[in-house]
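Data block for target.cif (mmCIF, C-alpha atoms):
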```cif
data_structure
#
loop_
_atom_site.label_atom_id
_atom_site.label_comp_id
_atom_site.auth_asym_id
_atom_site.auth_seq_id
_atom_site.Cartn_x
_atom_site.Cartn_y
_atom_site.Cartn_z
CA MET A 1 -7.30 -3.60 -25.18
CA ILE A 2 -5.10 -5.56 -22.76
CA LEU A 3 -6.62 -8.59 -21.03
CA VAL A 4 -5.19 -9.64 -17.67
CA THR A 5 -6.01 -13.14 -16.46
CA GLY A 6 -5.15 -14.11 -12.91
CA GLY A 7 -5.91 -10.56 -11.83
CA THR A 8 -6.27 -11.49 -8.19
CA GLY A 9 -2.99 -13.41 -8.10
CA THR A 10 0.28 -12.08 -6.72
CA VAL A 11 1.61 -10.68 -10.00
CA GLY A 12 -1.80 -9.72 -11.40
CA ARG A 13 -2.53 -7.47 -8.43
CA GLU A 14 0.76 -5.66 -8.88
CA LEU A 15 0.37 -5.46 -12.65
CA LEU A 16 -2.91 -3.55 -12.57
CA GLY A 17 -1.28 -0.56 -10.92
CA ARG A 18 1.55 -0.50 -13.45
CA LEU A 19 -0.32 -0.47 -16.73
CA GLY A 20 -0.11 3.13 -17.85
CA ALA A 21 -2.93 5.65 -18.03
CA GLY A 22 -4.77 5.84 -21.33
CA ARG A 23 -4.71 2.07 -21.91
CA ARG A 24 -7.86 0.02 -21.86
CA VAL A 25 -7.48 -2.92 -19.49
CA ARG A 26 -9.88 -5.78 -18.87
CA VAL A 27 -9.49 -8.27 -16.01
CA MET A 28 -10.92 -11.75 -16.40
CA ALA A 29 -11.89 -13.66 -13.27
CA ARG A 30 -14.37 -16.22 -11.98
CA ASP A 31 -15.33 -13.69 -9.28
CA PRO A 32 -15.48 -10.18 -10.80
CA ALA A 33 -16.60 -8.70 -7.46
CA ARG A 34 -13.29 -9.69 -5.93
CA VAL A 35 -11.43 -8.05 -8.80
CA ALA A 36 -13.57 -4.94 -8.50
CA ARG A 37 -12.54 -4.56 -4.87
CA LEU A 38 -8.90 -4.95 -5.86
CA VAL A 39 -9.23 -2.42 -8.67
CA GLN A 40 -10.63 0.12 -6.23
CA ALA A 41 -7.80 -0.59 -3.81
CA VAL A 42 -5.12 0.19 -6.41
CA GLU A 43 -7.04 3.26 -7.61
CA VAL A 44 -7.32 2.37 -11.29
CA THR A 45 -11.12 2.07 -11.42
CA GLU A 46 -11.55 4.54 -14.27
CA ARG A 47 -9.56 2.50 -16.79
CA VAL A 48 -10.11 -1.14 -15.78
CA GLU A 49 -13.17 -3.22 -16.54
CA THR A 50 -13.86 -6.63 -15.06
CA VAL A 51 -15.54 -9.58 -16.71
CA ALA A 52 -16.71 -12.95 -15.41
CA ALA A 53 -15.05 -15.76 -17.33
CA ASP A 54 -13.76 -19.26 -16.80
CA TYR A 55 -11.24 -21.23 -18.83
CA GLY A 56 -13.72 -24.09 -19.02
CA ASP A 57 -16.53 -21.92 -20.42
CA ALA A 58 -15.97 -21.22 -24.12
CA ARG A 59 -18.73 -18.60 -24.32
CA SER A 60 -17.36 -16.58 -21.39
CA LEU A 61 -13.83 -16.80 -22.82
CA ALA A 62 -15.03 -15.46 -26.17
CA ALA A 63 -16.71 -12.52 -24.44
CA ALA A 64 -13.64 -11.77 -22.33
CA LEU A 65 -11.39 -11.77 -25.41
CA GLN A 66 -13.59 -9.53 -27.56
CA SER A 67 -11.54 -6.57 -28.91
CA VAL A 68 -8.42 -7.77 -27.04
CA ARG A 69 -5.09 -7.33 -28.83
CA THR A 70 -2.70 -8.35 -26.05
CA ALA A 71 -3.23 -10.79 -23.17
CA PHE A 72 -1.36 -11.68 -19.99
CA LEU A 73 -1.93 -15.38 -19.38
CA VAL A 74 -1.73 -16.97 -15.94
CA THR A 75 -2.96 -20.52 -15.41
CA THR A 76 -2.77 -22.63 -12.27
CA ASP A 77 -4.51 -25.95 -12.91
CA VAL A 78 -1.67 -28.41 -13.48
CA THR A 79 -4.07 -31.21 -14.46
CA GLY A 80 -6.33 -29.29 -16.83
CA GLY A 81 -6.23 -27.88 -20.33
CA ASP A 82 -6.64 -24.20 -19.46
CA ASP A 83 -3.74 -23.01 -21.65
CA GLU A 84 -5.07 -24.85 -24.69
CA ARG A 85 -8.62 -23.59 -24.19
CA PHE A 86 -7.49 -20.00 -23.72
CA LEU A 87 -5.16 -20.01 -26.71
CA ASP A 88 -7.78 -21.56 -28.99
CA ALA A 89 -10.22 -18.84 -27.97
CA ALA A 90 -7.56 -16.14 -28.39
CA VAL A 91 -6.83 -17.24 -31.96
CA ARG A 92 -10.54 -17.20 -32.81
CA ALA A 93 -10.93 -13.74 -31.25
CA GLY A 94 -8.08 -12.24 -33.29
CA VAL A 95 -5.71 -11.62 -30.37
CA ARG A 96 -2.28 -10.54 -31.58
CA ARG A 97 0.06 -11.22 -28.65
CA VAL A 98 0.08 -13.37 -25.50
CA VAL A 99 2.51 -12.92 -22.63
CA LYS A 100 2.58 -16.05 -20.48
CA LEU A 101 3.71 -16.35 -16.87
CA SER A 102 5.77 -19.55 -16.76
CA ALA A 103 8.61 -20.60 -14.45
CA ALA A 104 12.41 -20.65 -14.46
CA ALA A 105 12.41 -24.40 -13.75
CA VAL A 106 11.53 -25.18 -17.38
CA LEU A 107 15.19 -24.53 -18.26
CA ASP A 108 16.45 -27.16 -15.80
CA GLU A 109 17.03 -30.39 -17.71
CA GLN A 110 16.87 -32.33 -14.44
CA ALA A 111 13.43 -30.95 -13.57
CA ASP A 112 10.80 -33.53 -14.49
CA ASP A 113 8.15 -32.97 -11.84
CA LEU A 114 4.45 -32.52 -12.60
CA ILE A 115 4.46 -28.73 -12.28
CA THR A 116 7.48 -28.21 -14.52
CA ARG A 117 6.16 -30.60 -17.17
CA TRP A 118 2.86 -28.69 -17.15
CA GLN A 119 4.65 -25.34 -17.58
CA ARG A 120 6.73 -26.71 -20.45
CA GLY A 121 3.57 -27.97 -22.10
CA GLY A 122 1.93 -24.57 -21.78
CA GLU A 123 4.95 -22.88 -23.35
CA GLU A 124 4.90 -25.31 -26.26
CA LEU A 125 1.22 -24.65 -26.87
CA LEU A 126 1.81 -20.90 -26.96
CA ARG A 127 4.80 -21.15 -29.30
CA GLY A 128 2.79 -23.32 -31.65
CA SER A 129 -0.36 -21.20 -31.55
CA GLY A 130 0.57 -18.80 -34.35
CA LEU A 131 0.22 -15.85 -31.97
CA GLU A 132 3.04 -13.49 -31.06
CA TRP A 133 4.39 -14.75 -27.75
CA THR A 134 6.60 -13.75 -24.87
CA LEU A 135 7.49 -15.95 -21.89
CA LEU A 136 8.22 -14.70 -18.38
CA ARG A 137 10.07 -17.29 -16.32
CA PRO A 138 10.42 -16.11 -12.72
CA ARG A 139 12.20 -17.90 -9.94
CA ALA A 140 10.13 -18.43 -6.75
CA PHE A 141 8.50 -15.28 -5.42
CA THR A 142 9.79 -13.55 -2.30
CA SER A 143 6.14 -13.38 -1.25
CA ASN A 144 6.13 -17.16 -0.75
CA ALA A 145 7.54 -16.29 2.68
CA LEU A 146 4.03 -15.22 3.68
CA ALA A 147 3.35 -18.93 4.22
CA TRP A 148 5.60 -18.61 7.30
CA ALA A 149 3.61 -15.74 8.78
CA PRO A 150 1.26 -17.82 10.98
CA SER A 151 4.09 -19.76 12.63
CA ILE A 152 6.17 -16.59 13.06
CA ARG A 153 3.26 -14.77 14.68
CA SER A 154 2.33 -17.66 16.97
CA ALA A 155 5.66 -19.35 17.70
CA ARG A 156 8.40 -17.09 16.27
CA THR A 157 9.46 -20.04 14.15
CA VAL A 158 9.99 -20.73 10.45
CA ARG A 159 9.56 -24.40 9.56
CA VAL A 160 11.04 -25.49 6.24
CA LEU A 161 12.57 -28.39 4.36
CA TYR A 162 16.25 -27.83 3.45
CA GLY A 163 16.58 -24.47 5.17
CA THR A 164 20.14 -23.94 3.94
CA SER A 165 19.39 -24.43 0.24
CA PRO A 166 19.70 -21.24 -1.87
CA SER A 167 17.22 -19.65 -4.26
CA ALA A 168 17.46 -16.40 -6.23
CA CYS A 169 13.86 -15.55 -5.35
CA VAL A 170 12.29 -12.60 -7.14
CA ASP A 171 10.03 -9.82 -5.88
CA PRO A 172 6.62 -10.22 -7.60
CA ARG A 173 6.57 -6.44 -8.01
CA ASP A 174 9.54 -6.80 -10.35
CA VAL A 175 7.77 -9.52 -12.31
CA ALA A 176 4.79 -7.19 -12.67
CA ALA A 177 7.05 -4.32 -13.77
CA VAL A 178 8.57 -6.53 -16.46
CA ALA A 179 5.13 -7.75 -17.53
CA ALA A 180 3.90 -4.16 -17.88
CA ARG A 181 6.82 -3.30 -20.15
CA VAL A 182 6.44 -6.40 -22.28
CA LEU A 183 2.67 -5.94 -22.62
CA THR A 184 2.93 -2.32 -23.72
CA GLU A 185 6.14 -2.21 -25.80
CA GLU A 186 7.16 -3.69 -29.11
CA GLY A 187 10.29 -5.77 -29.53
CA HIS A 188 9.52 -8.63 -27.14
CA ALA A 189 7.89 -11.10 -29.52
CA GLY A 190 9.55 -14.51 -29.51
CA ARG A 191 11.53 -13.75 -26.36
CA ALA A 192 11.75 -15.65 -23.08
CA TYR A 193 12.94 -13.82 -19.95
CA THR A 194 14.26 -15.53 -16.82
CA LEU A 195 13.59 -13.29 -13.81
CA THR A 196 15.43 -13.53 -10.49
CA GLY A 197 16.28 -11.39 -7.52
CA PRO A 198 19.71 -9.75 -7.12
CA GLU A 199 21.11 -12.50 -4.92
CA SER A 200 20.59 -16.08 -3.87
CA VAL A 201 19.35 -16.57 -0.30
CA THR A 202 18.39 -19.50 1.90
CA ALA A 203 15.36 -19.83 4.15
CA ALA A 204 17.70 -19.62 7.14
CA GLU A 205 19.08 -16.31 5.84
CA GLN A 206 15.58 -15.02 5.17
CA THR A 207 14.65 -15.92 8.73
CA GLU A 208 17.65 -13.94 9.99
CA GLN A 209 16.63 -10.92 7.93
CA LEU A 210 13.07 -11.08 9.24
CA SER A 211 14.42 -11.42 12.77
CA ARG A 212 16.49 -8.25 12.43
CA LEU A 213 13.63 -6.29 10.88
CA LEU A 214 11.16 -7.43 13.55
CA ARG A 215 13.74 -7.04 16.33
CA VAL A 216 12.74 -10.37 17.79
CA ARG A 217 14.52 -13.70 17.85
CA LEU A 218 13.21 -16.15 15.26
CA ARG A 219 14.14 -19.81 14.82
CA CYS A 220 14.48 -21.64 11.52
CA GLU A 221 13.41 -25.21 12.20
CA GLU A 222 14.36 -27.93 9.73
CA LEU A 223 11.58 -30.33 8.81
CA SER A 224 12.22 -33.94 7.95
CA LEU A 225 11.14 -35.14 4.52
CA ASP A 226 8.13 -36.93 6.03
CA GLU A 227 7.14 -33.85 8.02
CA ALA A 228 7.39 -31.68 4.93
CA ARG A 229 5.35 -34.17 2.89
CA ALA A 230 2.62 -34.21 5.54
CA ALA A 231 2.54 -30.39 5.71
CA LEU A 232 2.26 -30.08 1.93
CA ALA A 233 -0.42 -32.76 1.78
CA ARG A 234 -2.60 -30.63 4.04
CA ARG A 235 -2.52 -27.82 1.46
CA TYR A 236 -2.22 -29.51 -1.95
CA PRO A 237 -3.30 -32.63 -3.84
CA ALA A 238 -0.79 -35.46 -3.48
CA PRO A 239 0.72 -35.13 -7.00
CA VAL A 240 1.33 -31.41 -6.48
CA ALA A 241 2.83 -32.02 -3.05
CA GLU A 242 5.26 -34.55 -4.53
CA ALA A 243 6.20 -32.10 -7.30
CA LEU A 244 6.99 -29.44 -4.69
CA LEU A 245 9.17 -31.91 -2.78
CA GLN A 246 11.09 -32.70 -5.97
CA SER A 247 11.49 -28.97 -6.56
CA ALA A 248 12.91 -28.54 -3.04
CA GLN A 249 15.41 -31.30 -3.70
CA ARG A 250 16.61 -29.55 -6.86
CA GLN A 251 16.99 -26.36 -4.89
CA ARG A 252 19.06 -28.26 -2.32
CA ALA A 253 21.34 -29.33 -5.18
CA GLY A 254 21.87 -25.69 -6.20
CA ALA A 255 19.61 -25.64 -9.27
CA LYS A 256 17.88 -22.41 -8.21
CA ALA A 257 20.85 -20.33 -7.14
CA GLY A 258 21.68 -18.64 -10.45
CA VAL A 259 21.10 -14.88 -10.72
CA THR A 260 20.18 -12.97 -13.88
CA ASP A 261 20.20 -9.22 -14.59
CA THR A 262 17.04 -9.38 -16.70
CA VAL A 263 14.90 -7.29 -14.35
CA ALA A 264 17.39 -4.42 -14.46
CA ALA A 265 17.85 -4.73 -18.22
CA LEU A 266 14.12 -4.52 -18.90
CA THR A 267 13.01 -2.02 -16.27
CA GLY A 268 16.11 0.12 -15.75
CA GLY A 269 15.99 -0.47 -11.99
CA ARG A 270 17.80 -2.90 -9.72
CA ALA A 271 15.85 -6.03 -8.84
CA GLY A 272 14.38 -5.93 -5.35
CA SER A 273 15.94 -8.02 -2.60
CA PHE A 274 14.18 -10.30 -0.15
CA GLY A 275 15.03 -7.85 2.61
CA GLY A 276 13.40 -5.00 0.73
CA TRP A 277 10.26 -7.02 0.13
CA ALA A 278 10.17 -8.13 3.78
CA ARG A 279 10.54 -4.55 5.03
CA ASP A 280 7.52 -3.49 2.98
CA HIS A 281 5.41 -6.42 4.23
CA LEU A 282 6.65 -6.63 7.80
CA ALA A 283 3.22 -6.14 9.36
CA ALA A 284 2.24 -9.63 8.21
CA PHE A 285 4.93 -11.19 10.41
CA VAL A 286 4.66 -9.27 13.70
CA PRO A 287 4.54 -11.88 16.51
CA ASP A 288 1.47 -12.08 18.73
CA GLY A 289 1.70 -10.75 22.23
#
```

If you convert what's in this file into structure tokens, what do you get?
Amino acid sequence: MILVTGGTGTVGRELLGRLGAGRRVRVMARDPARVARLVQAVEVTERVETVAADYGDARSLAAALQSVRTAFLVTTDVTGGDDERFLDAAVRAGVRRVVKLSAAAVLDEQADDLITRWQRGGEELLRGSGLEWTLLRPRAFTSNALAWAPSIRSARTVRVLYGTSPSACVDPRDVAAVAARVLTEEGHAGRAYTLTGPESVTAAEQTEQLSRLLRVRLRCEELSLDEARAALARRYPAPVAEALLQSAQRQRAGAKAGVTDTVAALTGGRAGSFGGWARDHLAAFVPDG
């Protein structure tokens, strides 16, 4: 049995369709009905079960982990102890292997923001758990561009901080493809994989690619630091907003520009580009009127 946590997240949604036929898969979520709708959408209903569970509820965790041998762990609460609670329950349930979704920033010695410290802490807990472990460390997802969709639709404008700073962003479909291989194959225990796209691109270049695909003129508007802080504060708690600003500053300094060939090495296929992802999701960006 493979347990997928974060089944309604970006990678989790893609992962469900990639776990091969004949494997028993369970998805853990606070809202199983939402997962059930997703499972039907990706047409894997016959081999996926859903279970209501919460990291803060030890009884529900124990039920979700019953008969599980391998788990895909995604946590999002940077202030909580979700990793520790899950791993403690996994050890008690007799789980053999945990594959954790982490982040490429953990390798950056200059990265000391809240989010990166939390990811490093989660990795350390997993390595010290006694379970077999594998770490997936993706760069930012190409799908993060969906945050621009409202302003593109309404004003044909992308508003960003440091629009000329490069990032080797990765298609979440590639992260899911790697996760599926690692969850279902032997030989990945004790390994950490940094996952990037095939090239480093800036927000300004992404805007240009979207403009060509949409066949409309788009602007990339540079936000000031104060404007960016205010925009982030409307979406995130203040400590998380500050961590994201620090991350943007590291990107401006070139810390996120490095490209790896890990996706190709593990899946046998070339990593998807931002342009390829944008082409497949273009409907989200079509301007109004």

For this file, the PyMOL selection byres ((chain A and resi 131) around 7) selects which residues, as a count of residues only?
7

One residue among A:Leu183, A:Ile115, A:Ala145, A:Leu218 is nearest to A:Val78 when using all atoms listed in the file, and that residue is A:Ile115

I'd like a table as CSV: residues in stretch 137-226 of chain A with an atom no more than 6 Å from stretch 266-286 of chain A, each row giving the shortest atom pair and its distance in Å to one decimal, only C-alpha atoms counted, sorted by chain and rising residue number.
```
residue,atom,partner,partner_atom,distance
A:Thr142,CA,A:Phe274,CA,5.9
A:Ala149,CA,A:Phe285,CA,5.0
A:Arg153,CA,A:Val286,CA,5.8
A:Asp171,CA,A:Gly272,CA,5.9
A:Gly197,CA,A:Ala271,CA,5.5
A:Pro198,CA,A:Ala271,CA,5.6
```

Under the rule that all atoms listed in the file are counted, which of A:Gly9, A:Ala63, A:Arg26, A:Leu244 is the nearest residue to A:Leu161?
A:Leu244

Can you tell me, as a list in words, what residues are no more than 12 Å from A:Ala155 when counting all atoms listed in the file, ignoring any on the same chain fewer than 4 positions away?
Trp148, Ala149, Pro150, Ser151, Arg159, Val216, Arg217, Leu218, Arg219, Cys220, Glu221, Phe285, Val286, Pro287, Asp288 and Gly289 of chain A

Could you turn the residues from that selection into a file that holds C-alpha atoms, as a PDB file, keeping the file's coordinate frame?
```
ATOM      1  CA  TRP A 148       5.600 -18.610   7.300  1.00  0.00           C
ATOM      2  CA  ALA A 149       3.610 -15.740   8.780  1.00  0.00           C
ATOM      3  CA  PRO A 150       1.260 -17.820  10.980  1.00  0.00           C
ATOM      4  CA  SER A 151       4.090 -19.760  12.630  1.00  0.00           C
ATOM      5  CA  ARG A 159       9.560 -24.400   9.560  1.00  0.00           C
ATOM      6  CA  VAL A 216      12.740 -10.370  17.790  1.00  0.00           C
ATOM      7  CA  ARG A 217      14.520 -13.700  17.850  1.00  0.00           C
ATOM      8  CA  LEU A 218      13.210 -16.150  15.260  1.00  0.00           C
ATOM      9  CA  ARG A 219      14.140 -19.810  14.820  1.00  0.00           C
ATOM     10  CA  CYS A 220      14.480 -21.640  11.520  1.00  0.00           C
ATOM     11  CA  GLU A 221      13.410 -25.210  12.200  1.00  0.00           C
ATOM     12  CA  PHE A 285       4.930 -11.190  10.410  1.00  0.00           C
ATOM     13  CA  VAL A 286       4.660  -9.270  13.700  1.00  0.00           C
ATOM     14  CA  PRO A 287       4.540 -11.880  16.510  1.00  0.00           C
ATOM     15  CA  ASP A 288       1.470 -12.080  18.730  1.00  0.00           C
ATOM     16  CA  GLY A 289       1.700 -10.750  22.230  1.00  0.00           C
TER      17      GLY A 289
END
```

Selected stretch 79-93 of chain A, written as a short mmCIF file (atom, residue, chain, number, x, y, z; two decimals), in the first residue's frame, N, CA, C and O atoms:
```cif
data_model
loop_
_atom_site.label_atom_id
_atom_site.label_comp_id
_atom_site.auth_asym_id
_atom_site.auth_seq_id
_atom_site.Cartn_x
_atom_site.Cartn_y
_atom_site.Cartn_z
N THR A 79 4.99 26.37 10.87
CA THR A 79 5.10 26.64 12.31
C THR A 79 4.75 25.43 13.17
O THR A 79 4.92 25.48 14.38
N GLY A 80 4.27 24.36 12.53
CA GLY A 80 3.80 23.22 13.30
C GLY A 80 4.78 22.07 13.33
O GLY A 80 5.91 22.16 12.85
N GLY A 81 4.32 20.96 13.91
CA GLY A 81 5.15 19.77 14.02
C GLY A 81 4.61 18.62 13.21
O GLY A 81 4.69 17.45 13.63
N ASP A 82 4.07 18.93 12.02
CA ASP A 82 3.41 17.89 11.22
C ASP A 82 4.36 16.78 10.81
O ASP A 82 4.00 15.60 10.82
N ASP A 83 5.59 17.12 10.41
CA ASP A 83 6.55 16.08 10.02
C ASP A 83 6.82 15.13 11.18
O ASP A 83 6.81 13.90 11.00
N GLU A 84 7.06 15.68 12.35
CA GLU A 84 7.37 14.84 13.51
C GLU A 84 6.19 13.93 13.86
O GLU A 84 6.38 12.73 14.12
N ARG A 85 4.97 14.48 13.84
CA ARG A 85 3.81 13.67 14.18
C ARG A 85 3.60 12.56 13.16
O ARG A 85 3.29 11.41 13.53
N PHE A 86 3.76 12.89 11.88
CA PHE A 86 3.56 11.87 10.85
C PHE A 86 4.61 10.77 10.98
O PHE A 86 4.29 9.57 10.90
N LEU A 87 5.87 11.15 11.14
CA LEU A 87 6.93 10.15 11.18
C LEU A 87 6.82 9.26 12.42
O LEU A 87 7.07 8.05 12.35
N ASP A 88 6.45 9.83 13.55
CA ASP A 88 6.23 9.02 14.74
C ASP A 88 5.14 7.98 14.49
O ASP A 88 5.28 6.80 14.85
N ALA A 89 4.05 8.42 13.86
CA ALA A 89 2.96 7.49 13.56
C ALA A 89 3.39 6.45 12.54
O ALA A 89 2.99 5.27 12.62
N ALA A 90 4.21 6.84 11.57
CA ALA A 90 4.67 5.91 10.54
C ALA A 90 5.54 4.82 11.15
O ALA A 90 5.44 3.64 10.78
N VAL A 91 6.41 5.19 12.05
CA VAL A 91 7.26 4.20 12.72
C VAL A 91 6.39 3.21 13.49
O VAL A 91 6.58 1.98 13.41
N ARG A 92 5.41 3.71 14.22
CA ARG A 92 4.53 2.82 15.01
C ARG A 92 3.72 1.91 14.10
O ARG A 92 3.42 0.77 14.48
N ALA A 93 3.38 2.39 12.91
CA ALA A 93 2.54 1.60 11.99
C ALA A 93 3.34 0.60 11.18
O ALA A 93 2.75 -0.22 10.46
#
```
